[in-house]
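What's in data.cif: mmCIF, C-alpha atoms and all ligand atoms
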```cif
data_start
loop_
_atom_site.label_atom_id
_atom_site.label_comp_id
_atom_site.auth_asym_id
_atom_site.auth_seq_id
_atom_site.Cartn_x
_atom_site.Cartn_y
_atom_site.Cartn_z
CA MET A 6 151.50 -0.87 40.59
CA ASN A 7 155.24 -0.85 39.96
CA CYS A 8 157.56 2.02 40.82
CA THR A 9 158.67 3.82 37.63
CA LYS A 10 161.38 5.67 39.53
CA CYS A 11 163.56 2.90 40.93
CA LYS A 12 161.95 0.10 38.87
CA GLN A 13 162.60 -2.17 41.85
CA GLY A 14 159.83 -1.67 44.32
CA SER A 15 156.09 -1.73 44.08
CA LEU A 16 153.77 1.06 45.07
CA SER A 17 151.77 -0.01 48.05
CA PRO A 18 148.82 1.85 49.64
CA SER A 19 149.81 4.30 52.35
CA PHE A 20 148.87 7.57 54.00
CA ILE A 21 151.02 10.70 53.98
CA GLU A 22 151.46 11.71 57.63
CA GLY A 23 148.49 9.46 58.31
CA LEU A 24 146.33 12.11 56.64
CA PHE A 25 145.66 11.47 52.99
CA ARG A 26 145.85 8.49 50.70
CA ALA A 27 148.96 7.78 48.66
CA HIS A 28 151.07 4.90 47.43
CA THR A 29 154.61 4.52 48.71
CA CYS A 30 157.38 2.60 46.99
CA THR A 31 158.57 -0.38 48.98
CA ASP A 32 162.09 0.22 47.72
CA CYS A 33 162.98 3.90 47.12
CA GLY A 34 160.45 5.45 49.48
CA GLY A 35 158.93 7.75 46.83
CA ASN A 36 155.25 8.62 46.99
CA TRP A 37 152.58 8.59 44.33
CA ILE A 38 149.70 10.91 45.16
CA LEU A 39 146.49 11.52 43.26
CA ILE A 40 145.66 15.21 43.43
CA GLU A 41 141.95 14.35 43.83
CA ASP A 42 142.77 12.46 47.05
CA TYR A 43 144.80 15.40 48.32
CA VAL A 44 142.10 17.94 47.42
CA ALA A 45 139.31 15.82 48.94
CA TRP A 46 141.28 15.57 52.18
CA LYS A 47 142.11 19.29 52.13
CA GLU A 48 138.48 20.26 51.65
CA ARG A 49 137.58 18.29 54.76
CA ASN A 50 140.55 19.76 56.69
CA PRO A 51 141.06 23.32 55.45
CA ASP A 52 142.85 24.50 58.59
CA VAL A 53 145.54 21.85 58.87
CA THR A 54 149.05 23.26 58.88
CA PHE A 55 152.15 21.17 58.53
CA LYS A 56 155.01 21.04 60.96
CA GLU A 57 158.45 21.28 59.44
CA ASP A 58 160.80 18.36 59.97
CA ALA A 59 164.08 19.15 61.66
CA VAL A 60 166.26 17.12 59.31
CA PHE A 61 165.56 15.42 56.06
CA GLU A 62 167.27 14.34 52.90
CA VAL A 63 165.69 15.17 49.60
CA ASP A 64 165.99 13.55 46.20
CA ASP A 65 164.97 15.44 43.10
CA THR A 66 164.79 13.32 39.98
CA LYS A 67 166.31 15.28 37.11
CA THR A 68 165.53 12.73 34.44
CA ALA A 69 162.09 12.18 32.95
CA LEU A 70 159.85 9.86 34.90
CA LEU A 71 157.07 7.69 33.58
CA CYS A 72 153.62 7.88 35.10
CA PRO A 73 153.08 4.62 37.04
CA VAL A 74 149.45 4.54 35.88
CA SER A 75 149.49 5.62 32.23
CA GLY A 76 153.12 4.91 31.37
CA THR A 77 153.46 8.30 29.68
CA ILE A 78 156.20 10.82 30.43
CA MET A 79 155.40 13.03 33.38
CA GLN A 80 155.87 16.79 33.21
CA LYS A 81 158.18 18.74 35.50
CA PHE A 82 156.70 21.70 37.37
CA LYS A 83 158.74 24.27 39.24
CA VAL A 84 157.48 24.72 42.78
CA SER A 85 158.48 28.37 43.23
CA HIS A 86 160.55 31.02 41.50
CA ASP A 87 163.35 30.94 44.06
CA SER A 88 163.82 27.18 43.99
CA GLU A 89 165.17 25.01 41.23
CA HIS A 90 163.17 22.15 42.63
CA LYS A 91 160.69 20.50 40.28
CA LEU A 92 157.88 18.05 40.88
CA ASP A 93 156.83 15.36 38.43
CA TYR A 94 153.19 15.50 37.45
CA SER A 95 151.04 13.35 35.21
CA PRO A 96 148.34 15.61 33.73
CA GLN A 97 146.36 12.73 32.19
CA VAL A 98 146.01 10.95 35.51
CA GLY A 99 146.22 13.92 37.86
CA GLY A 100 148.94 12.27 39.90
CA VAL A 101 152.16 13.62 41.36
CA TRP A 102 155.32 11.72 42.11
CA LEU A 103 157.22 12.82 45.19
CA ASP A 104 160.73 11.47 45.51
CA ARG A 105 161.90 10.48 48.94
CA GLY A 106 162.10 13.63 51.06
CA GLU A 107 160.13 15.81 48.67
CA TRP A 108 157.11 15.96 50.94
CA GLU A 109 159.42 17.13 53.74
CA PHE A 110 160.92 19.63 51.32
CA LEU A 111 157.45 20.98 50.48
CA LYS A 112 156.73 21.39 54.17
CA SER A 113 159.97 23.28 54.73
CA ALA A 114 159.19 25.55 51.76
CA ASN A 115 155.70 26.14 53.15
CA LEU A 116 154.16 24.56 50.06
CA ALA A 117 152.70 21.36 51.48
CA GLY A 118 149.31 23.03 51.85
CA SER A 119 149.38 24.12 48.18
CA LEU A 120 150.28 20.86 46.49
CA ASN A 121 147.31 20.96 44.11
CA ARG A 122 147.88 24.59 43.15
CA ILE A 123 151.45 24.06 41.97
CA PHE A 124 150.18 22.35 38.83
CA THR A 125 147.81 25.14 37.81
CA GLU A 126 148.52 27.52 34.95
CA PHE A 127 148.14 30.46 37.34
CA TRP A 128 150.85 29.20 39.72
CA GLN A 129 153.26 28.46 36.88
CA LYS A 130 152.61 31.86 35.27
CA THR A 131 153.31 33.60 38.58
CA ILE A 132 156.63 31.75 38.84
CA ARG A 133 157.59 32.75 35.29
CA GLU A 134 156.74 36.40 35.95
CA ALA A 135 158.65 36.45 39.22
CA SER A 136 161.67 34.89 37.48
CA ALA A 137 161.51 37.45 34.67
CA LYS A 138 161.33 40.27 37.21
CA GLU A 139 164.37 38.89 38.98
CA THR A 140 166.26 38.68 35.69
CA PHE A 141 165.52 42.34 34.94
CA THR A 142 166.61 43.31 38.44
CA GLU A 143 169.92 41.58 37.82
CA ILE A 144 170.35 43.37 34.49
CA TYR A 145 169.71 46.79 36.06
CA LYS A 146 172.03 46.10 38.98
CA GLU A 147 174.74 45.11 36.56
CA LYS A 148 174.19 48.22 34.44
CA PHE A 149 173.84 50.85 37.19
CA GLY A 150 175.64 49.23 40.08
CA GLU A 151 173.78 48.07 43.16
CA ALA A 152 173.74 51.39 45.06
CA ASP A 153 172.59 53.48 42.09
CA TYR A 154 170.02 50.90 41.13
CA LEU A 155 168.49 51.02 44.63
CA LYS A 156 168.54 54.82 44.56
CA ALA A 157 166.90 54.94 41.12
CA LYS A 158 164.32 52.41 42.23
CA GLU A 159 163.46 54.50 45.26
CA ILE A 160 163.17 57.69 43.21
CA ARG A 161 161.06 55.88 40.65
CA GLU A 162 158.64 54.64 43.31
CA TRP A 163 158.37 58.09 44.79
CA LEU A 164 157.90 59.69 41.37
CA THR A 165 155.29 57.29 39.98
CA ALA A 166 153.15 57.74 43.10
CA HIS A 167 153.46 61.55 43.01
CA PRO A 168 150.49 63.66 41.79
CA CYS A 169 152.89 66.05 39.98
CA LYS A 170 154.97 63.31 38.41
CA ALA A 171 154.94 64.73 34.86
CA ASP A 172 156.19 68.13 36.04
CA LEU A 173 158.72 66.56 38.34
CA ARG A 174 160.07 64.39 35.56
CA ALA A 175 160.39 67.43 33.28
CA TYR A 176 162.16 69.31 36.05
CA ILE A 177 164.60 66.50 36.77
CA LEU A 178 165.46 65.88 33.14
CA ALA A 179 165.55 69.50 31.93
CA GLU A 180 168.95 70.79 30.85
CA ASP A 181 168.41 73.90 32.95
CA PRO A 182 165.06 74.07 34.73
CA TYR A 183 165.76 77.67 35.77
CA SER A 184 166.04 78.97 32.26
CA ALA A 185 163.05 80.10 30.20
CA GLU A 186 164.88 79.25 27.00
CA ARG A 187 164.32 75.94 25.26
ZN ZN B 1 160.75 3.10 43.87
#
```

Represent the structure of the file as structure tokens.
Ligand SMILES: [Zn+2]
Amino acid sequence: MNCTKCKQGSLSPSFIEGLFRAHTCTDCGGNWILIEDYVAWKERNPDVTFKEDAVFEVDDTKTALLCPVSGTIMQKFKVSHDSEHKLDYSPQVGGVWLDRGEWEFLKSANLAGSLNRIFTEFWQKTIREASAKETFTEIYKEKFGEADYLKAKEIREWLTAHPCKADLRAYILAEDPYSAER
């Protein structure tokens, strides 16, 4: 199997951390992992946690990569809402390409134990929702100013959890809550 990333090396059989099967490029050091191999290993070792590496360099291919098995364009999946980092995944084959250092990056982001879940619709939807929430937060902060936004947020949380919230809201927003006139 030839490396579709560097187009120089070949992908030779290997084991990630000596744990699960992969193929590593003889030239660029990238790894090709079949999710079924990862999942099979994880099912046998549900309690394994990964130790973070002290130093590592990470590549993140921004251009489209071709799947080394099918030759089709791989899709890019965000790993989390607070990282711009994306992994390349081949849905037809169920394989993921990790550039050199990306496995170490996943460990540092506490995602190495969730590799298979990153490519699920649920994971991606959660990321989109978290990003949308963050965008709205930014909009409110901009509009109200940071201090007033935090104050309003606090009041809102208190109000929505309050059993008398409708009356409290009316009281707060009334022109003059001490007048009987409308
Ligand atoms: Zn390569």

How close does each residue of chain A get to ligand ZN 1 (chain B), giving the shortest atom pair and distance in Å to one decimal for every residue with an atom at most 10 Å away, counting all atoms listed in the file, sorted by chain and residue number, as a Markdown table?
```
| residue | atom | partner | partner_atom | distance |
| --- | --- | --- | --- | --- |
| A:Asn7 | CA | B:ZN1 | ZN | 7.8 |
| A:Cys8 | CA | B:ZN1 | ZN | 4.5 |
| A:Thr9 | CA | B:ZN1 | ZN | 6.6 |
| A:Lys10 | CA | B:ZN1 | ZN | 5.1 |
| A:Cys11 | CA | B:ZN1 | ZN | 4.1 |
| A:Lys12 | CA | B:ZN1 | ZN | 6.0 |
| A:Gln13 | CA | B:ZN1 | ZN | 5.9 |
| A:Gly14 | CA | B:ZN1 | ZN | 4.9 |
| A:Ser15 | CA | B:ZN1 | ZN | 6.7 |
| A:Leu16 | CA | B:ZN1 | ZN | 7.4 |
| A:Thr29 | CA | B:ZN1 | ZN | 7.9 |
| A:Cys30 | CA | B:ZN1 | ZN | 4.6 |
| A:Thr31 | CA | B:ZN1 | ZN | 6.6 |
| A:Asp32 | CA | B:ZN1 | ZN | 5.0 |
| A:Cys33 | CA | B:ZN1 | ZN | 4.0 |
| A:Gly34 | CA | B:ZN1 | ZN | 6.1 |
| A:Gly35 | CA | B:ZN1 | ZN | 5.8 |
| A:Asn36 | CA | B:ZN1 | ZN | 8.4 |
| A:Trp37 | CA | B:ZN1 | ZN | 9.9 |
| A:Asp104 | CA | B:ZN1 | ZN | 8.5 |
| A:Arg105 | CA | B:ZN1 | ZN | 9.0 |
```

Excluding Val60 of chain A and its own-chain neighbours fewer than 4 positions away, which residues fall within 12 Å of it when counting all atoms listed in the file? Please give them as a PDB file with C-alpha atoms, in the frame of the given file.
```
ATOM      1  CA  GLY A 106     162.100  13.630  51.060  1.00  0.00           C
ATOM      2  CA  GLU A 109     159.420  17.130  53.740  1.00  0.00           C
ATOM      3  CA  PHE A 110     160.920  19.630  51.320  1.00  0.00           C
ATOM      4  CA  LYS A 112     156.730  21.390  54.170  1.00  0.00           C
ATOM      5  CA  SER A 113     159.970  23.280  54.730  1.00  0.00           C
TER       6      SER A 113
END
```

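With all atoms listed in the file as the atoms that count, the residue of A:Lys170, A:Leu103, A:Val98, A:Val84 with the shortest distance to Lys130 of chain A is A:Val84.
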
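Nearest-residue note for Lys91 of chain A: choosing from A:Ala27, A:Leu155, A:Ile123, A:Val74, the minimum distance belongs to A:Ile123, counting all atoms listed in the file.
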
Task: Nearest-residue call for Leu120 of chain A, choices A:Lys156, A:Lys83, A:Lys148, A:Arg161, using all atoms listed in the file - done: A:Lys83

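You will find atom CA of Glu134 of chain A at 21.4 Å from atom CA of Glu159 of chain A.
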
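Closest approach to Ile38 of chain A from the set A:Met6, A:Ile144, A:Ile78, A:Val101 is made by A:Val101, with distances taken over all atoms listed in the file.
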
TODO: Identify, on the basis of only C-alpha atoms, every residue whose closest approach to Leu111 of chain A does not exceed 10 Å; exclude the query and any residue fewer than 3 positions from it along the same chain; express the result as number ranges by chain.
DONE: A: 55, 57, 84, 90, 103, 106-108, 114-120

Output the selection as a PDB file, keeping the file's coordinate frame - C-alpha atoms for each residue.
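Done, and the output landed in out-v7.pdb:
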```pdb
ATOM      1  CA  PHE A  55     152.150  21.170  58.530  1.00  0.00           C
ATOM      2  CA  GLU A  57     158.450  21.280  59.440  1.00  0.00           C
ATOM      3  CA  VAL A  84     157.480  24.720  42.780  1.00  0.00           C
ATOM      4  CA  HIS A  90     163.170  22.150  42.630  1.00  0.00           C
ATOM      5  CA  LEU A 103     157.220  12.820  45.190  1.00  0.00           C
ATOM      6  CA  GLY A 106     162.100  13.630  51.060  1.00  0.00           C
ATOM      7  CA  GLU A 107     160.130  15.810  48.670  1.00  0.00           C
ATOM      8  CA  TRP A 108     157.110  15.960  50.940  1.00  0.00           C
ATOM      9  CA  ALA A 114     159.190  25.550  51.760  1.00  0.00           C
ATOM     10  CA  ASN A 115     155.700  26.140  53.150  1.00  0.00           C
ATOM     11  CA  LEU A 116     154.160  24.560  50.060  1.00  0.00           C
ATOM     12  CA  ALA A 117     152.700  21.360  51.480  1.00  0.00           C
ATOM     13  CA  GLY A 118     149.310  23.030  51.850  1.00  0.00           C
ATOM     14  CA  SER A 119     149.380  24.120  48.180  1.00  0.00           C
ATOM     15  CA  LEU A 120     150.280  20.860  46.490  1.00  0.00           C
TER      16      LEU A 120
END
```

- [ ] Excluding Thr77 of chain A and any residue of its chain fewer than 2 positions from it, enumerate the residues within 12 Å of it, using all atoms listed in the file, and give them as a ChimeraX atom specification.
- [x] /A:9,69-75,79-80,93-98,100

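Distances to His28 of chain A were evaluated for A:Asp42, A:Trp128, A:Ala135, A:Leu178 using only C-alpha atoms, and the minimum falls at A:Asp42.
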